[in-house]
>>> print(open('protein25.txt').read())   # compact mmCIF, C-alpha atoms
# COMPACT_ATOMS: atom_id res chain seq x y z
CA MET A 1 82.46 130.14 93.32
CA LYS A 2 81.82 126.95 91.31
CA VAL A 3 85.44 126.96 90.10
CA ILE A 4 86.67 127.04 93.72
CA GLN A 5 84.25 124.24 94.66
CA ASP A 6 85.37 122.12 91.69
CA PHE A 7 89.02 122.81 92.53
CA GLY A 8 88.44 121.74 96.14
CA ARG A 9 86.50 118.66 95.03
CA PHE A 10 89.33 117.67 92.68
CA TRP A 11 91.90 117.78 95.49
CA TYR A 12 89.55 115.96 97.87
CA ASP A 13 89.04 113.17 95.31
CA PHE A 14 92.77 113.10 94.53
CA ILE A 15 94.00 112.97 98.15
CA VAL A 16 91.12 111.35 100.05
CA GLY A 17 89.30 109.41 97.31
CA ASP A 18 86.52 106.91 97.97
CA ASP A 19 86.70 106.65 101.74
CA PRO A 20 88.07 109.15 104.30
CA VAL A 21 88.68 106.24 106.72
CA VAL A 22 91.49 104.97 104.48
CA ALA A 23 93.10 108.41 104.20
CA ILE A 24 92.88 109.01 107.97
CA GLY A 25 94.18 105.49 108.72
CA VAL A 26 97.19 105.87 106.43
CA VAL A 27 98.08 109.34 107.72
CA ALA A 28 97.70 108.19 111.34
CA ALA A 29 99.90 105.12 110.71
CA MET A 30 102.56 107.30 109.09
CA ALA A 31 102.46 109.80 111.95
CA VAL A 32 102.81 107.10 114.63
CA THR A 33 105.54 105.32 112.63
CA ALA A 34 107.46 108.62 112.31
CA LEU A 35 107.05 109.26 116.04
CA LEU A 36 108.32 105.76 116.89
CA ALA A 37 111.22 106.10 114.42
CA ALA A 38 112.21 109.39 116.04
CA ASN A 39 112.37 107.50 119.34
CA GLY A 40 114.52 104.69 117.97
CA VAL A 41 111.76 102.14 117.22
CA ASN A 42 111.85 100.74 113.68
CA ALA A 43 108.08 100.12 113.29
CA TRP A 44 108.02 99.19 109.58
CA TRP A 45 105.22 96.69 110.30
CA LEU A 46 102.96 99.54 111.41
CA MET A 47 102.98 100.88 107.83
CA LEU A 48 101.52 97.56 106.64
CA ILE A 49 98.83 97.58 109.33
CA GLY A 50 98.10 101.19 108.34
CA VAL A 51 97.37 100.02 104.79
CA PHE A 52 95.56 96.72 105.30
CA ALA A 53 93.41 97.52 108.36
CA PRO A 54 91.67 100.61 106.87
CA LEU A 55 91.43 98.85 103.47
CA ALA A 56 89.73 95.78 104.99
CA TYR A 57 87.36 98.01 106.98
CA SER A 58 86.56 100.19 103.96
CA LEU A 59 85.98 97.18 101.69
CA SER A 60 83.77 95.59 104.29
CA ARG A 61 81.63 98.74 104.51
CA ALA A 62 81.50 99.20 100.72
CA ALA A 63 80.41 95.57 100.23
CA HIS A 64 77.40 96.00 102.52
CA MET B 1 76.43 99.21 98.25
CA THR B 2 78.23 102.55 98.74
CA LYS B 3 78.36 104.72 95.65
CA THR B 4 82.11 104.97 95.13
CA VAL B 5 84.04 107.57 93.14
CA SER B 6 84.59 104.98 90.38
CA THR B 7 80.87 104.17 90.05
CA LYS B 8 80.07 107.91 89.91
CA GLU B 9 82.75 108.44 87.25
CA LEU B 10 81.41 105.45 85.29
CA ALA B 11 77.89 106.89 85.39
CA ALA B 12 79.22 110.28 84.21
CA ALA B 13 81.14 108.60 81.37
CA ARG B 14 77.99 106.79 80.21
CA LEU B 15 76.04 110.07 80.18
CA ALA B 16 78.78 111.95 78.32
CA GLY B 17 77.78 110.70 74.86
CA HIS B 18 80.11 110.59 71.88
CA GLU B 19 80.99 114.15 70.94
CA HIS B 20 83.73 114.29 68.30
CA ARG B 21 86.10 117.25 67.93
CA ALA B 22 89.16 117.36 65.67
CA GLY B 23 88.51 113.71 64.82
CA LEU B 24 88.73 112.66 68.46
CA ASP B 25 86.25 111.23 70.96
CA TRP B 26 86.35 114.40 73.07
CA TYR B 27 85.36 112.82 76.39
CA ALA B 28 88.02 110.10 76.02
CA PHE B 29 90.57 112.73 74.98
CA THR B 30 89.92 115.03 77.96
CA VAL B 31 89.94 112.12 80.45
CA SER B 32 93.22 110.84 78.97
CA PHE B 33 94.68 114.34 78.93
CA LYS B 34 93.83 114.91 82.60
CA GLY B 35 95.30 111.53 83.56
CA VAL B 36 98.54 112.06 81.65
CA PHE B 37 98.81 115.66 82.88
CA LEU B 38 98.41 114.53 86.49
CA GLU B 39 100.96 111.74 86.12
CA GLY B 40 103.31 114.17 84.37
CA LEU B 41 102.98 116.53 87.30
CA GLU B 42 103.87 113.68 89.65
CA VAL B 43 106.94 112.89 87.54
CA ALA B 44 107.99 116.56 87.76
CA PHE B 45 107.72 116.43 91.57
CA ILE B 46 109.66 113.15 91.72
CA VAL B 47 112.42 114.49 89.44
CA LEU B 48 112.73 117.67 91.50
CA THR B 49 112.74 115.73 94.80
CA PHE B 50 115.37 113.20 93.74
CA GLY B 51 117.38 115.75 91.78
CA THR B 52 117.47 118.20 94.68
CA ALA B 53 118.25 115.49 97.25
CA HIS B 54 121.23 114.28 95.23
CA GLY B 55 122.25 117.69 93.87
CA ASP B 56 121.86 116.63 90.24
CA ILE B 57 118.56 117.72 88.68
CA PRO B 58 119.84 117.27 85.05
CA LEU B 59 120.59 113.58 85.73
CA ALA B 60 117.16 113.06 87.33
CA ALA B 61 115.55 114.85 84.35
CA ALA B 62 117.51 112.64 81.93
CA GLY B 63 116.24 109.57 83.80
CA ALA B 64 112.67 110.86 83.51
CA LEU B 65 113.15 111.55 79.78
CA ALA B 66 114.48 108.01 79.28
CA GLY B 67 111.41 106.73 81.15
CA VAL B 68 109.10 108.74 78.86
CA LEU B 69 110.80 107.32 75.77
CA ILE B 70 110.71 103.71 77.03
CA VAL B 71 107.07 103.90 78.15
CA GLY B 72 106.09 105.74 74.94
CA ILE B 73 107.72 103.11 72.71
CA ALA B 74 106.26 100.28 74.83
CA GLY B 75 102.82 101.94 74.56
CA LEU B 76 103.11 102.18 70.77
CA LEU B 77 104.22 98.56 70.45
CA LEU B 78 101.87 97.02 73.03
CA HIS B 79 98.70 99.12 72.89
CA ARG B 80 96.71 96.46 71.03
CA PRO B 81 97.52 93.49 73.32
CA LEU B 82 97.22 95.76 76.39
CA SER B 83 93.74 96.91 75.32
CA ARG B 84 92.66 93.24 75.50
CA VAL B 85 93.72 92.90 79.15
CA PRO B 86 90.56 92.97 81.32
CA GLU B 87 90.12 96.41 82.90
CA ASN B 88 89.80 95.11 86.46
CA ALA B 89 92.96 92.98 86.11
CA MET B 90 94.83 96.05 84.84
CA LYS B 91 93.51 98.19 87.72
CA PHE B 92 94.41 95.46 90.22
CA PHE B 93 97.99 95.22 88.94
CA VAL B 94 98.43 99.01 88.85
CA GLY B 95 96.84 99.29 92.31
CA VAL B 96 99.10 96.75 94.03
CA THR B 97 102.19 98.17 92.29
CA LEU B 98 101.41 101.76 93.26
CA THR B 99 100.53 100.73 96.82
CA THR B 100 103.81 98.81 97.10
CA PHE B 101 105.87 101.81 95.98
CA GLY B 102 103.72 104.16 98.07
CA VAL B 103 104.20 102.14 101.27
CA PHE B 104 107.92 101.73 100.62
CA TRP B 105 108.58 105.43 99.96
CA ALA B 106 106.24 106.59 102.72
CA GLY B 107 108.25 104.37 105.08
CA GLU B 108 111.52 105.80 103.77
CA GLY B 109 110.07 109.28 104.30
CA VAL B 110 109.39 108.61 107.98
CA HIS B 111 112.87 107.01 108.41
CA VAL B 112 111.81 103.37 108.55
CA ALA B 113 114.56 100.81 107.85
CA TRP B 114 112.87 98.14 105.69
CA PRO B 115 114.04 94.56 106.18
CA GLY B 116 116.06 93.81 103.03
CA GLU B 117 116.44 97.53 102.23
CA THR B 118 115.53 98.19 98.55
CA ALA B 119 114.78 94.48 98.01
CA ALA B 120 111.86 95.04 100.40
CA LEU B 121 109.96 96.23 97.31
CA LEU B 122 109.80 92.59 96.19
CA TRP B 123 108.39 91.14 99.42
CA LEU B 124 106.11 94.16 99.82
CA LEU B 125 104.70 93.50 96.32
CA ALA B 126 104.19 89.81 97.17
CA LEU B 127 102.50 90.80 100.44
CA MET B 128 100.20 93.31 98.68
CA ILE B 129 99.16 90.73 96.09
CA GLY B 130 98.67 88.01 98.72
CA GLY B 131 96.82 90.33 101.11
CA SER B 132 94.57 91.59 98.31
CA PHE B 133 93.66 88.03 97.29
CA VAL B 134 92.84 87.19 100.92
CA LEU B 135 90.50 90.22 101.08
CA ILE B 136 88.89 89.22 97.75
CA ARG B 137 88.31 85.66 99.04
CA LEU B 138 86.81 86.98 102.29
CA LEU B 139 84.43 89.26 100.35
CA GLU B 140 83.44 86.39 98.05
CA ALA B 141 82.80 84.11 101.03
CA ARG B 142 80.65 86.80 102.64
CA ARG B 143 78.68 87.32 99.43
CA VAL B 144 78.05 83.58 99.15
CA ARG B 145 76.90 83.47 102.81
CA ALA B 146 74.62 86.48 102.22
CA GLN B 147 73.12 84.84 99.10
CA GLY B 148 72.59 81.64 101.08
CA VAL B 149 70.74 83.59 103.79
CA THR B 150 68.53 85.48 101.31
CA SER B 151 67.69 82.32 99.29
CA THR B 152 66.76 80.34 102.43
CA PRO B 153 62.92 79.98 102.56
>>> encode(input="protein25.txt", output="structure tokens")
Amino acid sequence: MKVIQDFGRFWYDFIVGDDPVVAIGVVAAMAVTALLAANGVNAWWLMLIGVFAPLAYSLSRAAH
Amino acid sequence: MTKTVSTKELAAARLAGHEHRAGLDWYAFTVSFKGVFLEGLEVAFIVLTFGTAHGDIPLAAAGALAGVLIVGIAGLLLHRPLSRVPENAMKFFVGVTLTTFGVFWAGEGVHVAWPGETAALLWLLALMIGGSFVLIRLLEARRVRAQGVTSTP
């Protein structure tokens, strides 16, 4: 059981890391960008917002 | 302050002690091994992805092998000066570089056309460095304000 827990924890740390908000923000930005691209909108700028907005929020929370 | 993964790992490293096996600091060896193994696994995925996409896995593998040799030789030649680079500066540089490549390739993966195409890596890197410094300055300003508030009688 502990091996499974450690295995799961490893992948959580590897994929999600310090703050789930950043992981969710990046995945959401990618999903919306892909959706827009599929409909002919080249929303490259959304990828940048998807990185900096969750990062700023996460840093702000961590610094408290 | 939130207890981050890095602070937890740092606490674990301090508690690990200095066990020596086969003439090696065993904790340092296992941490290095896991890091290199993980990066090696990423390289394998990248080689397979590029090789499959272009129908030439041997060429992609040769490129990866050349990368291993170049990085290995550079590591042997530069390990002393590199060990003197402050850890946070090293992490910052690696972080902005990885984020730049990550954003670029994630965008490519969702069929984004970057302004400047591959040259977008350069302006993305500049943007990541600039944006990171802005965030650092904002955090510093907030810390100074907070110290000013707490030191006010």
>>> closest_residue(input="protein25.txt", among="B:Arg137, B:Pro81, B:Gly131, B:Phe92", to="chain A", atoms="all atoms listed in the file")
B:Gly131
>>> closest_residue(input="protein25.txt", among="A:Ile24, A:Ala56, A:Ile15, A:Ala29", to="chain B", atoms="all atoms listed in the file")
A:Ala56
>>> atom_distance(input="protein25.txt", atom1="CA of Ala28 in chain B", atom2="CA of Arg84 in chain B")
17.5 Å
>>> closest_residue(input="protein25.txt", among="A:Val32, A:Ile49, A:Pro54, A:Asp18", to="chain B", atoms="all atoms listed in the file")
A:Asp18
>>> atom_distance(input="protein25.txt", atom1="CA of Thr100 in chain B", atom2="CA of Leu124 in chain B")
5.9 Å
>>> interface_residues(input="protein25.txt", of="chain B", to="chain A", cutoff="12 Å", atoms="all atoms listed in the file", output="PyMOL selection string")
chain B and resi 1-9+34-35+38-39+96+99-100+102-117+120+123-125+127-143+146
>>> write_last_selection(input="protein25.txt", atoms="C-alpha atoms", output="PDB file, keeping the file's coordinate frame")
ATOM      1  CA  MET B   1      76.430  99.210  98.250  1.00  0.00           C
ATOM      2  CA  THR B   2      78.230 102.550  98.740  1.00  0.00           C
ATOM      3  CA  LYS B   3      78.360 104.720  95.650  1.00  0.00           C
ATOM      4  CA  THR B   4      82.110 104.970  95.130  1.00  0.00           C
ATOM      5  CA  VAL B   5      84.040 107.570  93.140  1.00  0.00           C
ATOM      6  CA  SER B   6      84.590 104.980  90.380  1.00  0.00           C
ATOM      7  CA  THR B   7      80.870 104.170  90.050  1.00  0.00           C
ATOM      8  CA  LYS B   8      80.070 107.910  89.910  1.00  0.00           C
ATOM      9  CA  GLU B   9      82.750 108.440  87.250  1.00  0.00           C
ATOM     10  CA  LYS B  34      93.830 114.910  82.600  1.00  0.00           C
ATOM     11  CA  GLY B  35      95.300 111.530  83.560  1.00  0.00           C
ATOM     12  CA  LEU B  38      98.410 114.530  86.490  1.00  0.00           C
ATOM     13  CA  GLU B  39     100.960 111.740  86.120  1.00  0.00           C
ATOM     14  CA  VAL B  96      99.100  96.750  94.030  1.00  0.00           C
ATOM     15  CA  THR B  99     100.530 100.730  96.820  1.00  0.00           C
ATOM     16  CA  THR B 100     103.810  98.810  97.100  1.00  0.00           C
ATOM     17  CA  GLY B 102     103.720 104.160  98.070  1.00  0.00           C
ATOM     18  CA  VAL B 103     104.200 102.140 101.270  1.00  0.00           C
ATOM     19  CA  PHE B 104     107.920 101.730 100.620  1.00  0.00           C
ATOM     20  CA  TRP B 105     108.580 105.430  99.960  1.00  0.00           C
ATOM     21  CA  ALA B 106     106.240 106.590 102.720  1.00  0.00           C
ATOM     22  CA  GLY B 107     108.250 104.370 105.080  1.00  0.00           C
ATOM     23  CA  GLU B 108     111.520 105.800 103.770  1.00  0.00           C
ATOM     24  CA  GLY B 109     110.070 109.280 104.300  1.00  0.00           C
ATOM     25  CA  VAL B 110     109.390 108.610 107.980  1.00  0.00           C
ATOM     26  CA  HIS B 111     112.870 107.010 108.410  1.00  0.00           C
ATOM     27  CA  VAL B 112     111.810 103.370 108.550  1.00  0.00           C
ATOM     28  CA  ALA B 113     114.560 100.810 107.850  1.00  0.00           C
ATOM     29  CA  TRP B 114     112.870  98.140 105.690  1.00  0.00           C
ATOM     30  CA  PRO B 115     114.040  94.560 106.180  1.00  0.00           C
ATOM     31  CA  GLY B 116     116.060  93.810 103.030  1.00  0.00           C
ATOM     32  CA  GLU B 117     116.440  97.530 102.230  1.00  0.00           C
ATOM     33  CA  ALA B 120     111.860  95.040 100.400  1.00  0.00           C
ATOM     34  CA  TRP B 123     108.390  91.140  99.420  1.00  0.00           C
ATOM     35  CA  LEU B 124     106.110  94.160  99.820  1.00  0.00           C
ATOM     36  CA  LEU B 125     104.700  93.500  96.320  1.00  0.00           C
ATOM     37  CA  LEU B 127     102.500  90.800 100.440  1.00  0.00           C
ATOM     38  CA  MET B 128     100.200  93.310  98.680  1.00  0.00           C
ATOM     39  CA  ILE B 129      99.160  90.730  96.090  1.00  0.00           C
ATOM     40  CA  GLY B 130      98.670  88.010  98.720  1.00  0.00           C
ATOM     41  CA  GLY B 131      96.820  90.330 101.110  1.00  0.00           C
ATOM     42  CA  SER B 132      94.570  91.590  98.310  1.00  0.00           C
ATOM     43  CA  PHE B 133      93.660  88.030  97.290  1.00  0.00           C
ATOM     44  CA  VAL B 134      92.840  87.190 100.920  1.00  0.00           C
ATOM     45  CA  LEU B 135      90.500  90.220 101.080  1.00  0.00           C
ATOM     46  CA  ILE B 136      88.890  89.220  97.750  1.00  0.00           C
ATOM     47  CA  ARG B 137      88.310  85.660  99.040  1.00  0.00           C
ATOM     48  CA  LEU B 138      86.810  86.980 102.290  1.00  0.00           C
ATOM     49  CA  LEU B 139      84.430  89.260 100.350  1.00  0.00           C
ATOM     50  CA  GLU B 140      83.440  86.390  98.050  1.00  0.00           C
ATOM     51  CA  ALA B 141      82.800  84.110 101.030  1.00  0.00           C
ATOM     52  CA  ARG B 142      80.650  86.800 102.640  1.00  0.00           C
ATOM     53  CA  ARG B 143      78.680  87.320  99.430  1.00  0.00           C
ATOM     54  CA  ALA B 146      74.620  86.480 102.220  1.00  0.00           C
TER      55      ALA B 146
END
>>> atom_distance(input="protein25.txt", atom1="CA of Gly72 in chain B", atom2="CA of Val36 in chain B")
11.9 Å
